[in-house]
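The structure file target05.cif is reproduced below (mmCIF, C-alpha atoms).
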```cif
data_model
loop_
_atom_site.group_PDB
_atom_site.id
_atom_site.type_symbol
_atom_site.label_atom_id
_atom_site.label_comp_id
_atom_site.auth_asym_id
_atom_site.auth_seq_id
_atom_site.Cartn_x
_atom_site.Cartn_y
_atom_site.Cartn_z
ATOM 1 C CA MET A 1 130.078 157.315 45.885
ATOM 2 C CA GLY A 2 128.795 159.271 42.902
ATOM 3 C CA ASN A 3 130.643 160.666 39.936
ATOM 4 C CA LYS A 4 130.453 164.197 41.314
ATOM 5 C CA VAL A 5 133.601 165.581 42.956
ATOM 6 C CA PRO A 6 133.056 165.969 46.727
ATOM 7 C CA VAL A 7 132.654 169.450 48.158
ATOM 8 C CA PRO A 8 136.208 170.453 49.193
ATOM 9 C CA ASP A 9 137.020 170.457 52.889
ATOM 10 C CA ASP A 10 139.759 172.761 54.233
ATOM 11 C CA ARG A 11 142.546 170.313 53.399
ATOM 12 C CA LEU A 12 141.410 169.818 49.811
ATOM 13 C CA GLN A 13 140.794 173.525 49.273
ATOM 14 C CA ARG A 14 144.347 174.310 50.383
ATOM 15 C CA MET A 15 145.676 171.848 47.806
ATOM 16 C CA ILE A 16 143.377 173.226 45.093
ATOM 17 C CA ASP A 17 144.670 176.723 45.827
ATOM 18 C CA MET A 18 148.315 175.666 46.025
ATOM 19 C CA LEU A 19 148.207 173.642 42.803
ATOM 20 C CA ARG A 20 145.712 176.038 41.170
ATOM 21 C CA LEU A 21 143.653 173.096 40.034
ATOM 22 C CA THR A 22 140.938 173.765 37.508
ATOM 23 C CA LYS A 23 137.586 172.021 37.842
ATOM 24 C CA ARG A 24 138.609 169.740 34.978
ATOM 25 C CA GLU A 25 141.903 168.783 36.645
ATOM 26 C CA LEU A 26 140.205 168.162 39.982
ATOM 27 C CA ALA A 27 137.637 165.986 38.221
ATOM 28 C CA GLN A 28 140.465 164.010 36.620
ATOM 29 C CA LEU A 29 142.011 163.337 40.039
ATOM 30 C CA TRP A 30 138.584 162.275 41.295
ATOM 31 C CA ARG A 31 138.247 159.795 38.438
ATOM 32 C CA VAL A 32 141.668 158.348 39.255
ATOM 33 C CA PHE A 33 140.676 158.070 42.909
ATOM 34 C CA GLN A 34 137.412 156.309 42.051
ATOM 35 C CA ARG A 35 139.214 153.884 39.756
ATOM 36 C CA TYR A 36 141.145 152.533 42.744
ATOM 37 C CA ASP A 37 138.374 152.899 45.333
ATOM 38 C CA ASN A 38 137.157 149.401 44.504
ATOM 39 C CA ASP A 39 134.449 149.145 47.137
ATOM 40 C CA ARG A 40 133.228 152.728 46.509
ATOM 41 C CA GLY A 41 133.599 153.416 50.215
ATOM 42 C CA GLY A 42 135.084 156.886 49.687
ATOM 43 C CA THR A 43 138.620 155.840 50.636
ATOM 44 C CA ILE A 44 141.517 153.925 49.146
ATOM 45 C CA ASP A 45 143.462 151.583 51.404
ATOM 46 C CA ILE A 46 147.180 151.075 51.295
ATOM 47 C CA GLU A 47 147.041 148.134 48.891
ATOM 48 C CA GLU A 48 144.925 150.158 46.459
ATOM 49 C CA PHE A 49 147.415 153.017 46.826
ATOM 50 C CA TYR A 50 150.274 150.730 45.764
ATOM 51 C CA ARG A 51 148.341 149.565 42.734
ATOM 52 C CA LEU A 52 147.876 153.188 41.721
ATOM 53 C CA ILE A 53 151.601 153.970 41.908
ATOM 54 C CA GLU A 54 152.554 150.589 40.401
ATOM 55 C CA GLU A 55 154.971 149.705 43.189
ATOM 56 C CA GLU A 56 155.545 146.799 45.518
ATOM 57 C CA ARG A 57 154.754 147.591 49.126
ATOM 58 C CA THR A 58 157.752 148.864 51.126
ATOM 59 C CA VAL A 59 158.352 150.628 54.434
ATOM 60 C CA PHE A 60 159.310 153.720 52.432
ATOM 61 C CA GLY A 61 155.995 153.763 50.569
ATOM 62 C CA ASP A 62 154.143 153.124 53.815
ATOM 63 C CA SER A 63 155.871 156.190 55.300
ATOM 64 C CA LEU A 64 154.570 158.364 52.471
ATOM 65 C CA PHE A 65 151.063 156.974 53.000
ATOM 66 C CA GLU A 66 151.256 157.483 56.778
ATOM 67 C CA LEU A 67 152.516 161.040 56.368
ATOM 68 C CA VAL A 68 148.996 162.114 55.409
ATOM 69 C CA ASP A 69 146.955 159.341 57.090
ATOM 70 C CA ILE A 70 146.971 161.336 60.310
ATOM 71 C CA ASP A 71 144.193 159.333 61.975
ATOM 72 C CA CYS A 72 146.089 156.078 61.215
ATOM 73 C CA SER A 73 142.956 154.597 59.673
ATOM 74 C CA GLY A 74 144.938 152.732 57.031
ATOM 75 C CA ALA A 75 143.013 154.502 54.276
ATOM 76 C CA LEU A 76 143.035 157.848 52.472
ATOM 77 C CA ASP A 77 139.952 159.838 51.649
ATOM 78 C CA PHE A 78 139.960 162.058 48.551
ATOM 79 C CA SER A 79 141.386 165.095 50.372
ATOM 80 C CA GLU A 80 144.216 163.045 51.858
ATOM 81 C CA PHE A 81 144.829 161.428 48.482
ATOM 82 C CA VAL A 82 145.220 164.796 46.725
ATOM 83 C CA GLN A 83 147.522 166.008 49.489
ATOM 84 C CA THR A 84 149.711 162.897 49.226
ATOM 85 C CA ILE A 85 149.937 163.100 45.440
ATOM 86 C CA GLY A 86 150.393 166.867 45.395
ATOM 87 C CA THR A 87 153.114 166.844 48.042
ATOM 88 C CA TYR A 88 155.251 164.063 46.583
ATOM 89 C CA CYS A 89 154.807 164.997 42.927
ATOM 90 C CA LEU A 90 155.973 168.567 43.617
ATOM 91 C CA PHE A 91 159.123 167.383 45.359
ATOM 92 C CA GLY A 92 162.356 168.303 43.605
ATOM 93 C CA ARG A 93 165.262 165.851 43.617
ATOM 94 C CA VAL A 94 166.662 167.282 46.846
ATOM 95 C CA ASP A 95 163.218 167.124 48.455
ATOM 96 C CA VAL A 96 162.909 163.420 47.591
ATOM 97 C CA LEU A 97 166.336 162.801 49.134
ATOM 98 C CA LYS A 98 165.353 164.767 52.240
ATOM 99 C CA PHE A 99 162.225 162.649 52.598
ATOM 100 C CA CYS A 100 164.253 159.425 52.253
ATOM 101 C CA PHE A 101 166.698 160.715 54.843
ATOM 102 C CA PHE A 102 163.927 161.812 57.215
ATOM 103 C CA VAL A 103 162.159 158.446 57.048
ATOM 104 C CA PHE A 104 165.212 156.485 58.127
ATOM 105 C CA ASP A 105 166.769 158.978 60.515
ATOM 106 C CA LYS A 106 164.828 157.216 63.246
ATOM 107 C CA ASP A 107 165.972 159.301 66.202
ATOM 108 C CA LYS A 108 165.901 162.537 64.118
ATOM 109 C CA ASN A 109 169.442 163.547 65.104
ATOM 110 C CA GLY A 110 170.505 164.498 61.581
ATOM 111 C CA TYR A 111 172.384 161.279 60.890
ATOM 112 C CA ILE A 112 171.703 157.868 59.403
ATOM 113 C CA ASP A 113 173.905 155.085 60.671
ATOM 114 C CA SER A 114 175.166 152.306 58.439
ATOM 115 C CA ASP A 115 172.454 149.872 59.509
ATOM 116 C CA GLU A 116 169.707 152.429 58.776
ATOM 117 C CA LEU A 117 171.195 153.093 55.341
ATOM 118 C CA PHE A 118 171.273 149.401 54.492
ATOM 119 C CA ALA A 119 167.664 149.130 55.691
ATOM 120 C CA LEU A 120 166.621 152.075 53.507
ATOM 121 C CA VAL A 121 168.191 150.612 50.376
ATOM 122 C CA GLU A 122 166.730 147.176 51.087
ATOM 123 C CA MET A 123 163.243 148.620 51.534
ATOM 124 C CA LEU A 124 163.479 150.753 48.399
ATOM 125 C CA HIS A 125 164.536 147.697 46.415
ATOM 126 C CA GLY A 126 161.901 145.401 47.900
ATOM 127 C CA ASN A 127 164.349 143.632 50.231
ATOM 128 C CA ASN A 128 166.254 142.443 47.160
ATOM 129 C CA PRO A 129 168.978 144.966 46.295
ATOM 130 C CA SER A 130 171.292 144.027 43.453
ATOM 131 C CA SER A 131 174.906 143.021 44.002
ATOM 132 C CA ASN A 132 175.897 146.440 42.574
ATOM 133 C CA CYS A 133 173.841 148.172 45.271
ATOM 134 C CA ARG A 134 175.476 146.109 48.007
ATOM 135 C CA GLN A 135 178.926 146.809 46.602
ATOM 136 C CA ALA A 136 178.221 150.548 46.420
ATOM 137 C CA LEU A 137 177.170 150.627 50.059
ATOM 138 C CA GLN A 138 180.222 148.691 51.181
ATOM 139 C CA ASN A 139 182.580 150.995 49.303
ATOM 140 C CA PHE A 140 180.981 154.270 50.337
ATOM 141 C CA ASP A 141 183.193 156.352 52.626
ATOM 142 C CA THR A 142 181.289 157.568 55.683
ATOM 143 C CA ASN A 143 184.352 159.269 57.217
ATOM 144 C CA SER A 144 184.863 156.145 59.310
ATOM 145 C CA ASP A 145 182.445 157.401 61.958
ATOM 146 C CA GLY A 146 179.688 154.951 61.025
ATOM 147 C CA LYS A 147 177.288 157.857 60.409
ATOM 148 C CA ILE A 148 176.023 159.583 57.308
ATOM 149 C CA ASP A 149 174.819 163.195 57.386
ATOM 150 C CA PHE A 150 172.623 164.668 54.664
ATOM 151 C CA GLY A 151 175.576 166.041 52.697
ATOM 152 C CA GLU A 152 177.133 162.580 52.541
ATOM 153 C CA PHE A 153 173.712 161.176 51.669
ATOM 154 C CA GLN A 154 173.506 163.509 48.659
ATOM 155 C CA ALA A 155 177.034 162.532 47.633
ATOM 156 C CA LEU A 156 176.018 158.876 47.872
ATOM 157 C CA ASN A 157 173.093 159.486 45.521
ATOM 158 C CA ASN A 158 175.275 161.412 43.058
ATOM 159 C CA LYS A 159 177.860 158.627 42.976
ATOM 160 C CA PHE A 160 175.448 155.676 43.051
ATOM 161 C CA PRO A 161 172.069 156.906 41.726
ATOM 162 C CA MET A 162 170.694 153.356 41.420
ATOM 163 C CA LEU A 163 170.578 153.062 45.222
ATOM 164 C CA LEU A 164 167.739 155.560 45.671
ATOM 165 C CA PHE A 165 166.269 155.330 42.159
ATOM 166 C CA PRO A 166 163.073 153.554 43.379
ATOM 167 C CA ALA A 167 162.101 156.690 45.345
ATOM 168 C CA PHE A 168 162.254 158.733 42.133
ATOM 169 C CA ARG A 169 160.536 155.994 40.126
ATOM 170 C CA MET A 170 157.651 156.100 42.601
ATOM 171 C CA GLN A 171 157.301 159.817 41.959
ATOM 172 C CA GLU A 172 157.328 159.291 38.183
ATOM 173 C CA HIS A 173 154.617 156.638 38.432
ATOM 174 C CA MET A 174 152.553 158.906 40.649
ATOM 175 C CA MET A 175 152.831 161.749 38.146
ATOM 176 C CA ALA A 176 152.068 159.573 35.123
ATOM 177 C CA ASN A 177 149.033 157.921 36.714
ATOM 178 C CA THR A 178 147.333 161.120 37.906
ATOM 179 C CA LEU A 179 147.661 164.318 35.846
ATOM 180 C CA GLY A 180 150.589 163.240 33.685
ATOM 181 C CA LYS A 181 154.314 163.819 33.964
ATOM 182 C CA ASP A 182 154.256 166.879 31.664
ATOM 183 C CA TRP A 183 151.575 168.555 33.799
ATOM 184 C CA TRP A 184 153.523 168.044 37.014
ATOM 185 C CA THR A 185 156.826 169.113 35.453
ATOM 186 C CA LYS A 186 155.300 172.350 34.171
ATOM 187 C CA LYS A 187 153.547 172.957 37.496
ATOM 188 C CA LYS A 188 156.793 172.540 39.431
ATOM 189 C CA ALA A 189 158.586 174.912 37.062
ATOM 190 C CA THR A 190 155.813 177.516 37.324
ATOM 191 C CA LEU A 191 155.648 177.437 41.108
ATOM 192 C CA GLN A 192 159.447 177.480 41.437
ATOM 193 C CA GLY A 193 159.636 180.431 39.075
ATOM 194 C CA GLU A 194 157.121 182.335 41.191
ATOM 195 C CA ARG A 195 159.080 181.523 44.353
ATOM 196 C CA ASP A 196 162.273 182.761 42.702
ATOM 197 C CA VAL A 197 160.601 186.031 41.718
ATOM 198 C CA ALA A 198 159.223 186.464 45.249
ATOM 199 C CA ASP A 199 162.630 185.701 46.779
ATOM 200 C CA ALA A 200 164.311 188.201 44.462
ATOM 201 C CA ALA A 201 161.765 190.871 45.400
ATOM 202 C CA ASP A 202 162.316 190.119 49.082
ATOM 203 C CA GLU A 203 166.085 190.439 48.691
ATOM 204 C CA LYS A 204 165.588 193.739 46.856
ATOM 205 C CA LEU A 205 163.497 195.076 49.738
ATOM 206 C CA LYS A 206 166.086 193.946 52.279
ATOM 207 C CA LEU A 207 168.855 195.658 50.321
ATOM 208 C CA LYS A 208 166.781 198.827 50.039
ATOM 209 C CA GLU A 209 166.160 198.806 53.798
ATOM 210 C CA LEU A 210 169.859 198.225 54.499
ATOM 211 C CA LYS A 211 170.818 201.199 52.332
ATOM 212 C CA ARG A 212 168.220 203.342 54.105
ATOM 213 C CA GLN A 213 169.669 202.417 57.489
ATOM 214 C CA GLN A 214 173.188 203.185 56.263
ATOM 215 C CA ARG A 215 172.092 206.622 55.043
ATOM 216 C CA ASN A 216 170.517 207.368 58.408
ATOM 217 C CA GLN A 217 173.679 206.329 60.208
ATOM 218 C CA GLN A 218 175.774 208.590 57.966
ATOM 219 C CA ARG A 219 173.518 211.556 58.734
ATOM 220 C CA GLN A 220 173.932 210.972 62.458
ATOM 221 C CA VAL A 221 177.745 210.991 62.264
#
```

As structure tokens:
Amino acid sequence: MGNKVPVPDDRLQRMIDMLRLTKRELAQLWRVFQRYDNDRGGTIDIEEFYRLIEEERTVFGDSLFELVDIDCSGALDFSEFVQTIGTYCLFGRVDVLKFCFFVFDKDKNGYIDSDELFALVEMLHGNNPSSNCRQALQNFDTNSDGKIDFGEFQALNNKFPMLLFPAFRMQEHMMANTLGKDWWTKKKATLQGERDVADAADEKLKLKELKRQQRNQQRQV
């Protein structure tokens, strides 16, 4: 593979547009990708991916990798790499928690049972959770039904943040080792601000339409 950034396919172009990547920023991501594409085959495998994010391999990390590795090839090309990085780095805290919850809600019924929760924490901590983590899990009240919904899951994280900290650490490493934590933080703030403005404008239009309908109803009375 050469030093020139590949011509964007549809997937990569969508990410470029969403992140509003400049040519310089895209080139920086390409350099990062090449640094870990040891055999210059145009892909990075899962072990190379873990070296990039400076994490031990876990089922949780594998799930993030597999989320974009649609063809199950066990490797990411540059487009898939940018999508993986862009998706996870833009996650807010609630989004990271939702992803954790989704990964281990195996039957997708909106609940994690106690065994699934223990498995999640073990995987996040490399199958070696601290005694404090184990104690926190044992003491957490799941309403005695043996199930944890997402609200309880959020409460668990608020009360015992060390349990799910590795998921957030992975995000921080990913940010730092690509475009930098400051870049991603500013990008998230910018995009969120634009969404807030759009949502406010949408609400204003809905209110305007509601008032119009009310005026029409009053005229008909």

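The residue set within 6 Å of range 42-54 of chain A, counting all atoms listed in the file and dropping same-chain residues fewer than 6 places from it, reads Tyr36, Gly74, Ala75, Leu76, Asp77, His173 and Met174 of chain A.
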
Checklist entry - the PyMOL selection byres ((chain A and resi 96-101) around 9) on the file shown: which residues, as a ChimeraX atom specification? => result /A:60,64,88,91-95,102-105,110-112,117,120,149-150,153-154,157,164,167-168,171

How would the residues just picked look written out with C-alpha atoms as a short mmCIF file (atom, residue, chain, number, x, y, z; two decimals), in the frame of the given file?
```cif
data_model
loop_
_atom_site.label_atom_id
_atom_site.label_comp_id
_atom_site.auth_asym_id
_atom_site.auth_seq_id
_atom_site.Cartn_x
_atom_site.Cartn_y
_atom_site.Cartn_z
CA PHE A 60 159.31 153.72 52.43
CA LEU A 64 154.57 158.36 52.47
CA TYR A 88 155.25 164.06 46.58
CA PHE A 91 159.12 167.38 45.36
CA GLY A 92 162.36 168.30 43.60
CA ARG A 93 165.26 165.85 43.62
CA VAL A 94 166.66 167.28 46.85
CA ASP A 95 163.22 167.12 48.46
CA PHE A 102 163.93 161.81 57.22
CA VAL A 103 162.16 158.45 57.05
CA PHE A 104 165.21 156.49 58.13
CA ASP A 105 166.77 158.98 60.52
CA GLY A 110 170.50 164.50 61.58
CA TYR A 111 172.38 161.28 60.89
CA ILE A 112 171.70 157.87 59.40
CA LEU A 117 171.20 153.09 55.34
CA LEU A 120 166.62 152.07 53.51
CA ASP A 149 174.82 163.20 57.39
CA PHE A 150 172.62 164.67 54.66
CA PHE A 153 173.71 161.18 51.67
CA GLN A 154 173.51 163.51 48.66
CA ASN A 157 173.09 159.49 45.52
CA LEU A 164 167.74 155.56 45.67
CA ALA A 167 162.10 156.69 45.34
CA PHE A 168 162.25 158.73 42.13
CA GLN A 171 157.30 159.82 41.96
#
```

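CA of Ala27 in chain A to CA of Val5 in chain A spans 6.2 Å [interatomic distance, one decimal].
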
Next on the checklist: Please determine, counting all atoms listed in the file, which residue among A:Val59, A:Arg11, A:Lys147, A:Leu90 has the shortest atom-to-atom distance to Ser114 in chain A.
Outcome noted: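 Comparing A:Val59, A:Arg11, A:Lys147, A:Leu90 against Ser114 in chain A, the winner is A:Lys147.
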
Leu29 in chain A surroundings by only C-alpha atoms, 8 Å radius, close-in-sequence under 4 positions cut, as a compact mmCIF listing (two decimals) with C-alpha atoms, in the frame of the given file:
```txt
# COMPACT_ATOMS: atom_id res chain seq x y z
CA GLU A 25 141.90 168.78 36.65
CA PHE A 33 140.68 158.07 42.91
CA VAL A 82 145.22 164.80 46.72
CA THR A 178 147.33 161.12 37.91
CA LEU A 179 147.66 164.32 35.85
```

Item to check | Surrounding residues of Asp17 in chain A excluding itself and chain neighbours under 4 positions, 12 Å, all atoms listed in the file, as a list in words | outcome: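 The residues that qualify are Pro8, Asp10, Arg11, Leu12, Gln13, Leu21, Thr22, Lys23, Leu26, Val82, Gln83, Gly86 and Leu191 of chain A.
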
Next on the checklist: Assuming the chain letters and numbering stay as they are in my file, what does the PyMOL selection byres ((chain A and resi 184) around 10) actually select? List them as a list in words.
Outcome noted: Leu19, Gly86, Cys89, Leu90, Glu172, Met174, Met175, Ala176, Thr178, Leu179, Gly180, Lys181, Asp182, Trp183, Thr185, Lys186, Lys187, Lys188, Ala189 and Thr190 of chain A

Filtering to C-alpha atoms, could you give me those residues as a PDB file, keeping the file's coordinate frame?
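Produced file selection_29.pdb, reproduced below:
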```pdb
ATOM      1  CA  LEU A  19     148.207 173.642  42.803  1.00  0.00           C
ATOM      2  CA  GLY A  86     150.393 166.867  45.395  1.00  0.00           C
ATOM      3  CA  CYS A  89     154.807 164.997  42.927  1.00  0.00           C
ATOM      4  CA  LEU A  90     155.973 168.567  43.617  1.00  0.00           C
ATOM      5  CA  GLU A 172     157.328 159.291  38.183  1.00  0.00           C
ATOM      6  CA  MET A 174     152.553 158.906  40.649  1.00  0.00           C
ATOM      7  CA  MET A 175     152.831 161.749  38.146  1.00  0.00           C
ATOM      8  CA  ALA A 176     152.068 159.573  35.123  1.00  0.00           C
ATOM      9  CA  THR A 178     147.333 161.120  37.906  1.00  0.00           C
ATOM     10  CA  LEU A 179     147.661 164.318  35.846  1.00  0.00           C
ATOM     11  CA  GLY A 180     150.589 163.240  33.685  1.00  0.00           C
ATOM     12  CA  LYS A 181     154.314 163.819  33.964  1.00  0.00           C
ATOM     13  CA  ASP A 182     154.256 166.879  31.664  1.00  0.00           C
ATOM     14  CA  TRP A 183     151.575 168.555  33.799  1.00  0.00           C
ATOM     15  CA  THR A 185     156.826 169.113  35.453  1.00  0.00           C
ATOM     16  CA  LYS A 186     155.300 172.350  34.171  1.00  0.00           C
ATOM     17  CA  LYS A 187     153.547 172.957  37.496  1.00  0.00           C
ATOM     18  CA  LYS A 188     156.793 172.540  39.431  1.00  0.00           C
ATOM     19  CA  ALA A 189     158.586 174.912  37.062  1.00  0.00           C
ATOM     20  CA  THR A 190     155.813 177.516  37.324  1.00  0.00           C
TER      21      THR A 190
END
```

Item to check | CA of Arg40 in chain A to CA of Glu80 in chain A, distance in Å rounded to a single decimal | outcome: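 A separation of 16.0 Å between them.
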
Checklist entry - What is the distance, in Å and to one decimal place, between CA of Phe81 in chain A and CA of Val68 in chain A? => result 8.1 Å

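Take the candidates A:Met18, A:Lys208, A:Pro6, A:Val32 and check each one against Asn177 in chain A using all atoms listed in the file; the shortest distance goes to A:Val32.
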
Item to check | Counting all atoms listed in the file, the option among A:Asn158, A:Lys4, A:Leu163, A:Phe118 closest to Arg24 in chain A | outcome: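 Ranked by minimum distance to Arg24 in chain A, first place goes to A:Lys4.
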